[in-house]
$ cat coords-v9.txt   # compact mmCIF, C-alpha atoms
# COMPACT_ATOMS: atom_id res chain seq x y z
CA MET C 1 -17.14 -23.77 17.65
CA ILE C 2 -13.96 -22.45 16.06
CA ALA C 3 -10.75 -22.23 18.08
CA GLY C 4 -9.94 -18.61 18.94
CA LEU C 5 -13.40 -17.31 18.11
CA SER C 6 -16.46 -16.75 20.32
CA VAL C 7 -19.60 -17.23 18.25
CA LEU C 8 -22.48 -15.15 19.63
CA SER C 9 -26.18 -15.19 18.79
CA PRO C 10 -27.03 -14.20 15.22
CA ARG C 11 -28.12 -10.59 14.73
CA GLU C 12 -29.00 -8.19 11.95
CA GLN C 13 -26.32 -5.67 10.97
CA ALA C 14 -27.46 -2.41 12.56
CA PRO C 15 -25.96 0.81 11.16
CA LEU C 16 -22.76 1.84 12.96
CA ALA C 17 -21.76 5.29 14.11
CA GLY C 18 -19.30 6.98 11.75
CA ALA C 19 -17.80 5.82 8.51
CA PRO C 20 -15.48 2.83 8.17
CA PHE C 21 -11.82 3.80 8.42
CA HIS C 22 -10.83 1.27 5.80
CA GLN C 23 -12.48 -1.00 3.24
CA TRP C 24 -11.62 -3.97 1.12
CA THR C 25 -13.15 -4.14 -2.34
CA ALA C 26 -13.76 -7.23 -4.43
CA ALA C 27 -12.44 -7.64 -7.96
CA ASP C 28 -15.79 -6.30 -9.30
CA GLY C 29 -15.44 -3.11 -7.23
CA SER C 30 -18.06 -4.02 -4.63
CA ILE C 31 -17.33 -3.47 -0.94
CA TRP C 32 -16.30 -6.77 0.55
CA MET C 33 -15.34 -5.76 4.08
CA ASN C 34 -15.60 -2.59 6.16
CA PHE C 35 -13.26 -1.80 9.07
CA TYR C 36 -14.87 0.21 11.91
CA ARG C 37 -13.19 1.48 15.03
CA VAL C 38 -15.25 0.63 18.13
CA SER C 39 -14.69 1.22 21.83
CA ASP C 40 -13.03 -2.12 22.55
CA GLY C 41 -11.19 -2.76 19.29
CA ILE C 42 -12.10 -3.08 15.64
CA LEU C 43 -15.28 -4.36 14.06
CA LEU C 44 -14.97 -6.11 10.71
CA ARG C 45 -18.26 -6.04 8.80
CA PHE C 46 -18.90 -8.35 5.86
CA PRO C 47 -22.11 -6.82 4.46
CA GLY C 48 -25.02 -9.24 4.64
CA LEU C 49 -22.90 -11.98 6.17
CA ALA C 50 -21.34 -11.33 9.55
CA ASP C 51 -19.68 -8.92 11.97
CA PHE C 52 -16.44 -9.85 13.72
CA GLY C 53 -15.21 -7.98 16.79
CA VAL C 54 -11.43 -8.08 17.05
CA ALA C 55 -9.27 -6.99 19.99
CA ILE C 56 -6.67 -4.49 18.81
CA ASP C 57 -3.87 -6.82 19.96
CA GLY C 58 -5.42 -9.82 18.24
CA SER C 59 -5.85 -11.67 21.52
CA GLU C 60 -9.53 -12.45 21.02
CA ALA C 61 -12.33 -12.27 18.52
CA CYS C 62 -16.08 -12.75 18.54
CA CYS C 63 -18.65 -13.05 15.80
CA TRP C 64 -22.29 -12.33 15.07
CA VAL C 65 -23.53 -13.87 11.85
CA VAL C 66 -26.55 -12.43 10.09
CA PRO C 67 -29.57 -14.71 10.72
CA GLY C 68 -29.67 -17.51 8.15
CA ILE C 69 -25.92 -17.60 7.49
CA ASP C 70 -24.61 -21.13 7.96
CA ASP C 71 -21.68 -22.41 10.01
CA GLY C 72 -19.66 -23.26 6.90
CA THR C 73 -19.78 -19.66 5.73
CA LEU C 74 -18.75 -18.47 9.18
CA GLU C 75 -15.81 -20.87 9.25
CA HIS C 76 -14.80 -19.87 5.72
CA LEU C 77 -14.86 -16.15 6.55
CA PHE C 78 -12.93 -16.69 9.75
CA LEU C 79 -10.21 -18.92 8.34
CA ASN C 80 -9.59 -16.96 5.16
CA GLN C 81 -10.23 -13.35 6.14
CA VAL C 82 -10.36 -12.78 9.88
CA LEU C 83 -7.73 -15.19 11.21
CA PRO C 84 -4.93 -13.67 9.07
CA LEU C 85 -5.90 -10.23 10.39
CA LEU C 86 -5.86 -11.55 13.97
CA GLN C 87 -2.43 -13.06 13.40
CA SER C 88 -1.27 -9.78 11.91
CA ALA C 89 -2.56 -7.90 14.97
CA ARG C 90 -0.49 -10.25 17.15
CA GLY C 91 2.61 -9.20 15.22
CA ASP C 92 2.89 -12.03 12.70
CA LEU C 93 3.87 -11.29 9.11
CA ILE C 94 0.90 -12.41 6.98
CA PHE C 95 0.46 -11.90 3.25
CA HIS C 96 -2.10 -12.53 0.52
CA ALA C 97 -0.21 -15.43 -1.01
CA SER C 98 -0.19 -19.13 -1.67
CA ALA C 99 2.89 -21.30 -1.32
CA VAL C 100 4.07 -24.68 -2.54
CA GLU C 101 6.94 -26.97 -1.61
CA VAL C 102 9.64 -27.27 -4.29
CA ALA C 103 13.37 -27.90 -4.42
CA GLY C 104 13.68 -28.53 -0.70
CA GLY C 105 12.04 -25.24 0.16
CA ALA C 106 9.00 -23.22 -0.73
CA ILE C 107 8.01 -20.66 -3.31
CA ALA C 108 5.20 -18.18 -2.87
CA PHE C 109 2.71 -16.59 -5.23
CA LEU C 110 1.53 -13.15 -4.13
CA GLY C 111 -1.18 -11.01 -5.63
CA ALA C 112 -4.64 -9.57 -5.35
CA SER C 113 -7.74 -11.70 -5.60
CA GLY C 114 -8.15 -13.19 -9.06
CA ARG C 115 -4.47 -13.17 -10.00
CA GLY C 116 -4.15 -16.99 -9.89
CA LYS C 117 -2.61 -17.77 -6.50
CA SER C 118 -4.90 -20.69 -5.75
CA THR C 119 -4.81 -22.08 -9.28
CA LEU C 120 -1.03 -22.21 -9.18
CA ALA C 121 -1.00 -23.77 -5.71
CA ALA C 122 -3.47 -26.46 -6.77
CA SER C 123 -1.66 -27.02 -10.06
CA PHE C 124 1.70 -27.61 -8.34
CA ALA C 125 0.10 -29.83 -5.68
CA ILE C 126 -1.64 -32.02 -8.23
CA SER C 127 1.73 -32.38 -9.93
CA GLY C 128 3.26 -33.74 -6.74
CA MET C 129 4.58 -30.55 -5.15
CA PRO C 130 2.49 -30.12 -1.98
CA PHE C 131 0.92 -26.78 -1.12
CA LEU C 132 1.62 -25.16 2.25
CA THR C 133 -1.09 -22.54 2.10
CA ASP C 134 -3.73 -21.18 -0.23
CA ASP C 135 -3.78 -17.71 1.36
CA GLY C 136 -2.92 -16.15 4.70
CA PHE C 137 0.75 -16.86 3.93
CA ARG C 138 2.70 -16.59 7.19
CA LEU C 139 6.44 -16.10 7.45
CA GLU C 140 8.67 -16.77 10.42
CA LEU C 141 12.21 -15.45 10.78
CA THR C 142 14.77 -18.21 11.44
CA PRO C 143 18.57 -18.16 11.81
CA ASN C 144 18.80 -19.20 8.15
CA GLY C 145 16.23 -16.91 6.60
CA TYR C 146 12.44 -17.08 6.48
CA ASP C 147 10.25 -20.14 6.85
CA VAL C 148 6.80 -20.44 5.31
CA LEU C 149 4.35 -21.81 7.89
CA PRO C 150 1.63 -24.19 6.73
CA SER C 151 -2.00 -23.20 7.13
CA HIS C 152 -5.41 -24.80 6.59
CA PRO C 153 -5.11 -27.81 4.22
CA SER C 154 -7.57 -26.63 1.60
CA VAL C 155 -7.56 -24.65 -1.64
CA ARG C 156 -10.36 -22.35 -2.81
CA ILE C 157 -10.95 -22.47 -6.56
CA TRP C 158 -13.63 -21.71 -9.13
CA ASP C 159 -15.64 -24.40 -10.93
CA ASP C 160 -13.80 -23.99 -14.24
CA THR C 161 -10.46 -24.27 -12.47
CA GLN C 162 -11.65 -27.42 -10.74
CA SER C 163 -12.63 -28.93 -14.06
CA ALA C 164 -9.39 -27.92 -15.77
CA LEU C 165 -7.26 -29.29 -12.96
CA GLY C 166 -9.37 -32.36 -12.28
CA THR C 167 -10.01 -31.35 -8.69
CA ASP C 168 -13.76 -31.69 -9.18
CA LEU C 169 -13.28 -35.36 -8.37
CA MET C 170 -11.80 -34.50 -4.98
CA THR C 171 -13.39 -33.82 -1.61
CA THR C 172 -14.80 -30.35 -1.05
CA ALA C 173 -16.10 -28.58 2.03
CA ALA C 174 -19.76 -27.54 2.09
CA PRO C 175 -20.64 -24.57 -0.20
CA VAL C 176 -20.69 -21.13 1.43
CA ALA C 177 -23.08 -18.20 1.05
CA TYR C 178 -20.84 -15.54 -0.46
CA THR C 179 -18.79 -17.23 -3.15
CA GLU C 180 -19.13 -19.91 -5.76
CA LYS C 181 -15.55 -20.92 -5.13
CA ALA C 182 -15.27 -24.43 -3.78
CA ARG C 183 -12.92 -25.27 -0.93
CA VAL C 184 -11.12 -28.41 -2.07
CA LEU C 185 -9.67 -30.38 0.81
CA SER C 186 -6.18 -31.83 0.65
CA GLY C 187 -5.79 -35.54 0.04
CA ILE C 188 -3.66 -38.07 -1.76
CA ASN C 189 -4.19 -36.29 -5.11
CA LEU C 190 -3.87 -32.80 -3.65
CA PRO C 191 -1.05 -33.12 -1.11
CA HIS C 192 -0.53 -30.59 1.65
CA CYS C 193 2.81 -29.92 3.34
CA ALA C 194 2.22 -29.56 7.08
CA GLU C 195 5.78 -28.58 8.02
CA PRO C 196 7.52 -25.18 7.69
CA ARG C 197 9.74 -24.80 4.64
CA PRO C 198 12.43 -22.19 3.90
CA LEU C 199 11.23 -19.57 1.43
CA LEU C 200 13.33 -19.66 -1.75
CA ALA C 201 11.57 -17.01 -3.82
CA ALA C 202 8.40 -14.94 -4.02
CA PHE C 203 6.57 -14.49 -7.32
CA PHE C 204 4.30 -11.44 -7.66
CA LEU C 205 1.54 -12.27 -10.14
CA GLY C 206 0.77 -9.75 -12.90
CA GLU C 207 -2.56 -9.00 -14.52
CA GLY C 208 -2.18 -11.56 -17.30
CA ASN C 209 -2.44 -9.12 -20.21
CA THR C 210 0.31 -10.93 -22.05
CA ASP C 211 0.89 -13.86 -24.37
CA GLU C 212 4.27 -14.78 -22.94
CA THR C 213 5.58 -15.88 -19.58
CA SER C 214 8.00 -13.33 -18.16
CA PHE C 215 10.12 -13.05 -15.04
CA HIS C 216 11.51 -9.74 -13.83
CA ARG C 217 13.52 -9.32 -10.65
CA LYS C 218 12.13 -6.67 -8.32
CA ARG C 219 14.57 -4.72 -6.21
CA GLY C 220 14.68 -1.87 -3.74
CA ALA C 221 11.56 0.19 -3.24
CA ASP C 222 9.66 -1.70 -5.93
CA ALA C 223 10.18 -5.01 -4.10
CA LEU C 224 9.30 -3.52 -0.73
CA ALA C 225 6.13 -1.83 -2.02
CA SER C 226 5.05 -5.11 -3.64
CA TRP C 227 5.42 -7.03 -0.38
CA LEU C 228 3.64 -4.34 1.61
CA SER C 229 0.76 -4.14 -0.87
CA ASN C 230 0.02 -7.81 -0.25
CA MET C 231 0.20 -7.71 3.53
CA PHE C 232 -2.72 -8.32 5.91
CA VAL C 233 -3.00 -5.30 8.21
CA VAL C 234 -5.86 -4.97 10.67
CA ASP C 235 -5.40 -1.26 11.38
CA ILE C 236 -3.93 0.66 8.47
CA LYS C 237 -3.85 3.84 10.61
CA ASP C 238 -1.82 2.32 13.43
CA ARG C 239 1.31 4.34 12.72
CA GLU C 240 3.50 2.52 15.25
CA ARG C 241 2.55 -0.91 13.95
CA ILE C 242 2.88 0.17 10.32
CA CYS C 243 6.36 1.58 10.92
CA HIS C 244 7.31 -1.70 12.60
CA ASN C 245 5.92 -3.59 9.60
CA LEU C 246 7.90 -1.38 7.22
CA GLU C 247 11.12 -2.41 8.96
CA ALA C 248 10.23 -6.10 9.14
CA VAL C 249 9.06 -6.32 5.53
CA ALA C 250 12.06 -4.35 4.26
CA GLU C 251 14.24 -7.10 5.70
CA ILE C 252 12.15 -9.73 3.92
CA ALA C 253 12.36 -7.84 0.63
CA GLU C 254 16.13 -7.65 0.95
CA ALA C 255 16.54 -11.32 1.92
CA VAL C 256 14.07 -13.08 -0.39
CA PRO C 257 14.34 -12.92 -4.19
CA SER C 258 11.21 -11.08 -5.37
CA ILE C 259 10.12 -11.79 -8.93
CA ALA C 260 7.41 -10.18 -11.05
CA LEU C 261 5.74 -13.05 -12.92
CA ASP C 262 3.23 -12.52 -15.69
CA TYR C 263 1.73 -15.12 -17.97
CA ALA C 264 -1.29 -15.80 -20.16
CA ARG C 265 -4.14 -17.26 -18.13
CA GLN C 266 -4.58 -20.46 -20.16
CA TYR C 267 -5.24 -23.68 -18.30
CA LYS C 268 -3.70 -25.67 -21.13
CA ASP C 269 -0.38 -23.91 -20.58
CA LEU C 270 -0.16 -24.61 -16.84
CA GLY C 271 2.34 -27.44 -17.36
CA ASP C 272 4.72 -25.18 -19.28
CA LEU C 273 4.22 -22.43 -16.71
CA ARG C 274 5.09 -24.77 -13.82
CA ALA C 275 8.23 -25.85 -15.69
CA ALA C 276 9.25 -22.22 -16.27
CA ILE C 277 8.68 -21.32 -12.62
CA LEU C 278 10.71 -24.33 -11.48
CA GLU C 279 13.53 -23.43 -13.87
CA GLU C 280 13.54 -19.86 -12.53
CA THR C 281 13.51 -21.15 -8.95
CA TYR C 282 16.47 -23.46 -9.54
CA ARG C 283 18.31 -20.63 -11.30
CA ILE C 284 17.74 -18.33 -8.32
CA ARG C 285 18.76 -21.01 -5.84
CA GLY C 286 21.91 -21.70 -7.82
CA ASN C 287 22.85 -18.02 -7.74
CA ARG C 288 22.42 -17.58 -3.98
CA MET M 1 3.21 25.01 -9.14
CA MET M 2 5.52 27.82 -8.03
CA LEU M 3 9.27 27.23 -7.94
CA ASN M 4 9.60 29.06 -4.64
CA GLY M 5 6.87 26.96 -3.04
CA THR M 6 7.54 24.40 -0.31
CA PHE M 7 5.65 21.31 0.72
CA ASP M 8 4.54 19.61 3.91
CA ILE M 9 4.48 15.88 4.47
CA PRO M 10 1.04 14.95 5.86
CA ILE M 11 0.95 13.15 9.21
CA HIS M 12 -0.68 10.16 7.52
CA VAL M 13 2.33 9.50 5.28
CA VAL M 14 5.20 7.29 6.42
CA SER M 15 8.32 6.34 4.50
CA ARG M 16 11.07 3.75 4.53
CA GLU M 17 14.36 3.85 2.63
CA VAL M 18 15.64 0.73 0.96
CA GLU M 19 18.83 0.51 -1.13
CA GLY M 20 18.82 4.26 -1.73
CA GLU M 21 15.19 4.23 -2.87
CA LEU M 22 12.07 5.03 -0.92
CA VAL M 23 8.64 3.58 -0.24
CA LEU M 24 5.88 5.95 0.81
CA LEU M 25 2.74 4.72 2.50
CA ASP M 26 -0.47 6.70 2.82
CA LEU M 27 -2.11 5.52 6.04
CA GLU M 28 -5.42 7.00 4.90
CA SER M 29 -5.73 4.94 1.76
CA GLY M 30 -3.31 2.09 2.39
CA ILE M 31 -1.64 2.86 -0.95
CA TYR M 32 2.10 2.35 -1.33
CA PHE M 33 4.23 4.40 -3.69
CA ALA M 34 7.82 3.61 -4.66
CA LEU M 35 10.41 6.28 -5.48
CA ASP M 36 13.66 5.52 -7.28
CA SER M 37 16.94 7.04 -6.10
CA VAL M 38 16.32 10.37 -7.87
CA GLY M 39 12.79 10.59 -6.48
CA ALA M 40 14.10 9.66 -3.03
CA ARG M 41 16.58 12.56 -3.20
CA ILE M 42 13.80 14.98 -4.16
CA TRP M 43 11.72 13.66 -1.27
CA ALA M 44 14.59 14.11 1.19
CA LEU M 45 15.10 17.73 0.15
CA ILE M 46 11.38 18.51 0.21
CA SER M 47 11.13 16.88 3.65
CA ASP M 48 13.83 19.26 4.88
CA GLY M 49 11.69 22.20 3.78
CA ALA M 50 13.51 23.03 0.55
CA SER M 51 11.63 24.93 -2.15
CA LEU M 52 11.41 23.42 -5.63
CA GLU M 53 13.97 26.01 -6.74
CA THR M 54 16.41 24.82 -4.06
CA VAL M 55 15.71 21.21 -4.95
CA ARG M 56 16.50 21.95 -8.59
CA ASP M 57 19.68 23.86 -7.84
CA THR M 58 20.91 21.30 -5.32
CA MET M 59 20.34 18.41 -7.66
CA LEU M 60 21.88 20.21 -10.61
CA ALA M 61 25.09 20.20 -8.61
CA GLU M 62 24.72 16.51 -7.79
CA PHE M 63 23.51 14.98 -11.05
CA ASN M 64 24.69 15.25 -14.64
CA VAL M 65 21.40 16.51 -16.08
CA GLU M 66 19.99 19.43 -18.05
CA ALA M 67 18.28 22.05 -15.87
CA GLU M 68 15.16 21.99 -18.05
CA THR M 69 14.88 18.20 -17.88
CA LEU M 70 15.43 18.14 -14.14
CA GLU M 71 12.89 20.87 -13.49
CA ARG M 72 10.32 19.04 -15.59
CA ASP M 73 10.98 15.78 -13.74
CA ILE M 74 10.70 17.51 -10.37
CA ARG M 75 7.41 19.13 -11.35
CA THR M 76 6.04 15.86 -12.71
CA LEU M 77 6.91 14.00 -9.52
CA MET M 78 5.55 16.69 -7.22
CA ASN M 79 2.31 16.88 -9.20
CA GLU M 80 1.95 13.12 -8.86
CA LEU M 81 2.72 13.18 -5.13
CA GLU M 82 0.27 16.04 -4.61
CA ARG M 83 -2.41 14.26 -6.62
CA ARG M 84 -1.93 11.18 -4.43
CA LYS M 85 -2.06 13.38 -1.30
CA LEU M 86 1.43 12.29 -0.28
CA VAL M 87 2.50 15.95 -0.03
CA GLU M 88 0.63 19.19 0.53
CA ALA M 89 1.62 22.63 -0.72
CA HIS M 90 2.76 24.62 2.31
CA LYS M 91 0.35 27.38 3.31
CA SER M 92 2.10 30.23 5.10
$ encode --input "coords-v9.txt" --output "C-alpha cells"
Amino acid sequence: MIAGLSVLSPREQAPLAGAPFHQWTAADGSIWMNFYRVSDGILLRFPGLADFGVAIDGSEACCWVVPGIDDGTLEHLFLNQVLPLLQSARGDLIFHASAVEVAGGAIAFLGASGRGKSTLAASFAISGMPFLTDDGFRLELTPNGYDVLPSHPSVRIWDDTQSALGTDLMTTAAPVAYTEKARVLSGINLPHCAEPRPLLAAFFLGEGNTDETSFHRKRGADALASWLSNMFVVDIKDRERICHNLEAVAEIAEAVPSIALDYARQYKDLGDLRAAILEETYRIRGNR
Amino acid sequence: MMLNGTFDIPIHVVSREVEGELVLLDLESGIYFALDSVGARIWALISDGASLETVRDTMLAEFNVEAETLERDIRTLMNELERRKLVEAHKS
C-alpha cells in the first residue's frame, strides 16, 4: 500500500484506443512512458511494467502492474515518476532536479536524465551537505522567495557512481525491474535534510563535452525556457494550465539566479567541482 | 519564402515575454524555444499579421542595421520557426 495510490489487481497491458498524446524517451531513445487521454483522466503507461490512472486534477491515482512486477518496482515508479506528475496536476511547481543544503539555503541541479543530478546530490551529502531531494524537486513560494521542499530520503545512482562515492557500503532499497540504478537510503553517511530551505541558486547541467568547469548566468527567455524544459507536466496540451505555469515559472526565473554549469564527468574531480559550485554559490549570495 | 507573405500562429503555440525576450512553447511537442529581443520584435509584428516586407521595413526604422543583414536574419528566423512548426505560412 502506498499513500495516495490505489493498487489494483495486476493485468496485462492491452492496446489502447488512439495514439499517446505525449511520450517520454529514455537517454537511449527508447520510449519510457506514454501519456494517453482516457475518459476519466490520463493513463500513464510504462511499457512492460505498469499502467497508472491519474485524475486530471491530481486528486487520485490507481495502478495496475503487469503480472510479475514486484512491489519495489511499483513503489519506485510511483515515487519517482508518477507522484511528481500528480503533484504537478494539483498545481505544485515540480522539476527534474536534485537539491542540497548549503550556505544556510539550498542549491538545485536541473537537467535531463544522465546529466549528473543524483551524483552531485550524493557527492555533496557525503561531504556533509545534506540532500533535500534526488528528483521531483518541489518549490513553494514564501514571503522571502522560494523554498525547496524535501522529498523521499533516497538517491538513485549507478553502480560505478556508488563505487566512486563509497555509497556501495550504505543501505539500499531492493532492486527494481527496470533499472540497474540502486536507490541508496539516507543515513549517517548520506544525510538528508527534512526541512524546507530557501533556494539560493539553480544550476542547469550541461552535456559534459568539456574539459573545464564553467558557469554562465542565464537570463530572460533563456532562463525561463531552461526552467520550463525541466518541469513535470502531466498534460502538455492543457493550455490553461500551461499558461498558468508560464507565469509562475517566469517569476521563479526572475527571482532565482539561474546558472548554466558544465564540467567534465570525472569522479576524481568531484571534490574540485563541489568547491567551485560552493564558491559560485557564495559569490551569488554575496551579490544579492 | 515570399516577402509579401504572412504567417499564422498555430493554436498549439503559446508564448510568454520575459525581460523583453520571448519563450515559445509548442503544446504538441512540449518543446520550448527562446527568442532574444530582436526575435521577440519579429514575433510581435508577425503575430499582428505583418508581412515579412512590413517586418523588415518597420525594424529598419527601429534598429541600426543594414537592410540586407536584417532581411537575412528575418528569413533565417522564420525558416527556423516554420521548421519547428511554431508558425505556419498563411494560406489565403
$ residues_around --input "coords-v9.txt" --residues "Glu21 (chain M)" --least-positions-apart "6" --cutoff "7 Å" --atoms "all atoms listed in the file" --output "list of chain:residue names"
C:Gly220, C:Ala221, M:Leu35, M:Asp36, M:Ser37, M:Ala40
$ closest_residue --input "coords-v9.txt" --among "M:Ala34, M:Ile11, M:Leu52, M:Leu3" --to "chain C" --atoms "only C-alpha atoms"
M:Ala34
$ atom_distance --input "coords-v9.txt" --atom1 "CA of Ala164 (chain C)" --atom2 "CA of Leu77 (chain C)"
25.8 Å
$ interface_residues --input "coords-v9.txt" --of "chain C" --to "chain M" --cutoff "8 Å" --atoms "only C-alpha atoms" --output "list in words"
Phe21, His22, Gly220, Ala221, Asp222, Leu224, Ala225, Leu228, Ser229, Ile236, Lys237, Arg239, Cys243, Leu246, Glu247 and Ala250 of chain C
$ residues_around --input "coords-v9.txt" --residues "Asp48 (chain M)" --least-positions-apart "4" --cutoff "12 Å" --atoms "only C-alpha atoms" --output "ChimeraX atom specification"
/M:6-9,41-44,52,54-55
$ atom_distance --input "coords-v9.txt" --atom1 "CA of Val82 (chain C)" --atom2 "CA of Asp28 (chain C)"
21.0 Å
$ residues_around --input "coords-v9.txt" --residues "Asp73 (chain M)" --least-positions-apart "3" --cutoff "12 Å" --atoms "all atoms listed in the file" --output "count of residues only"
18
$ atom_distance --input "coords-v9.txt" --atom1 "CA of Ile107 (chain C)" --atom2 "CA of Ile259 (chain C)"
10.7 Å
$ closest_residue --input "coords-v9.txt" --among "C:Leu8, C:Ala108, C:Ala89, C:Leu120" --to "Pro67 (chain C)" --atoms "all atoms listed in the file"
C:Leu8
$ residues_around --input "coords-v9.txt" --residues "Phe137 (chain C)" --least-positions-apart "6" --cutoff "6 Å" --atoms "all atoms listed in the file" --output "VMD selection string"
chain C and resid 94 to 95 97
$ residues_near_point --input "coords-v9.txt" --point "(0.7, -32.0, -7.6)" --cutoff "12 Å" --atoms "all atoms listed in the file" --output "ChimeraX atom specification"
/C:100-102,119-131,165-167,186-193,270-271,274
$ closest_residue --input "coords-v9.txt" --among "M:Pro10, M:Gly49, M:Ala61, M:Arg72" --to "Arg84 (chain M)" --atoms "all atoms listed in the file"
M:Pro10
$ closest_residue --input "coords-v9.txt" --among "M:His90, M:Ser47, M:Gly5, M:Asp57" --to "Glu71 (chain M)" --atoms "only C-alpha atoms"
M:Asp57
$ closest_residue --input "coords-v9.txt" --among "M:Arg83, M:Asn4, M:Ala89, M:Phe63" --to "Ala50 (chain M)" --atoms "all atoms listed in the file"
M:Asn4
$ build_atoms --input "coords-v9.txt" --residues "region 122-134 of chain C" --atoms "N, CA and C atoms" --output "short mmCIF file (atom, residue, chain, number, x, y, z; two decimals), in the coordinates of the input"
data_model
loop_
_atom_site.label_atom_id
_atom_site.label_comp_id
_atom_site.auth_asym_id
_atom_site.auth_seq_id
_atom_site.Cartn_x
_atom_site.Cartn_y
_atom_site.Cartn_z
N ALA C 122 -2.83 -25.18 -6.48
CA ALA C 122 -3.47 -26.46 -6.77
C ALA C 122 -2.75 -27.18 -7.91
N SER C 123 -2.33 -26.42 -8.91
CA SER C 123 -1.66 -27.02 -10.06
C SER C 123 -0.34 -27.69 -9.65
N PHE C 124 0.44 -27.01 -8.83
CA PHE C 124 1.70 -27.61 -8.34
C PHE C 124 1.40 -28.82 -7.46
N ALA C 125 0.40 -28.72 -6.59
CA ALA C 125 0.10 -29.83 -5.68
C ALA C 125 -0.32 -31.07 -6.46
N ILE C 126 -1.18 -30.88 -7.43
CA ILE C 126 -1.64 -32.02 -8.23
C ILE C 126 -0.46 -32.67 -8.95
N SER C 127 0.55 -31.86 -9.25
CA SER C 127 1.73 -32.38 -9.93
C SER C 127 2.76 -32.96 -8.97
N GLY C 128 2.38 -33.08 -7.70
CA GLY C 128 3.26 -33.74 -6.74
C GLY C 128 4.09 -32.82 -5.87
N MET C 129 3.85 -31.50 -5.99
CA MET C 129 4.58 -30.55 -5.15
C MET C 129 3.58 -29.93 -4.17
N PRO C 130 3.56 -30.46 -2.94
CA PRO C 130 2.49 -30.12 -1.98
C PRO C 130 2.36 -28.62 -1.73
N PHE C 131 1.12 -28.19 -1.47
CA PHE C 131 0.92 -26.78 -1.12
C PHE C 131 1.04 -26.62 0.39
N LEU C 132 1.56 -25.48 0.81
CA LEU C 132 1.62 -25.16 2.25
C LEU C 132 0.43 -24.31 2.67
N THR C 133 0.04 -23.42 1.79
CA THR C 133 -1.09 -22.54 2.10
C THR C 133 -1.71 -22.02 0.82
N ASP C 134 -2.99 -21.73 0.90
CA ASP C 134 -3.73 -21.18 -0.23
C ASP C 134 -3.81 -19.66 -0.11
#
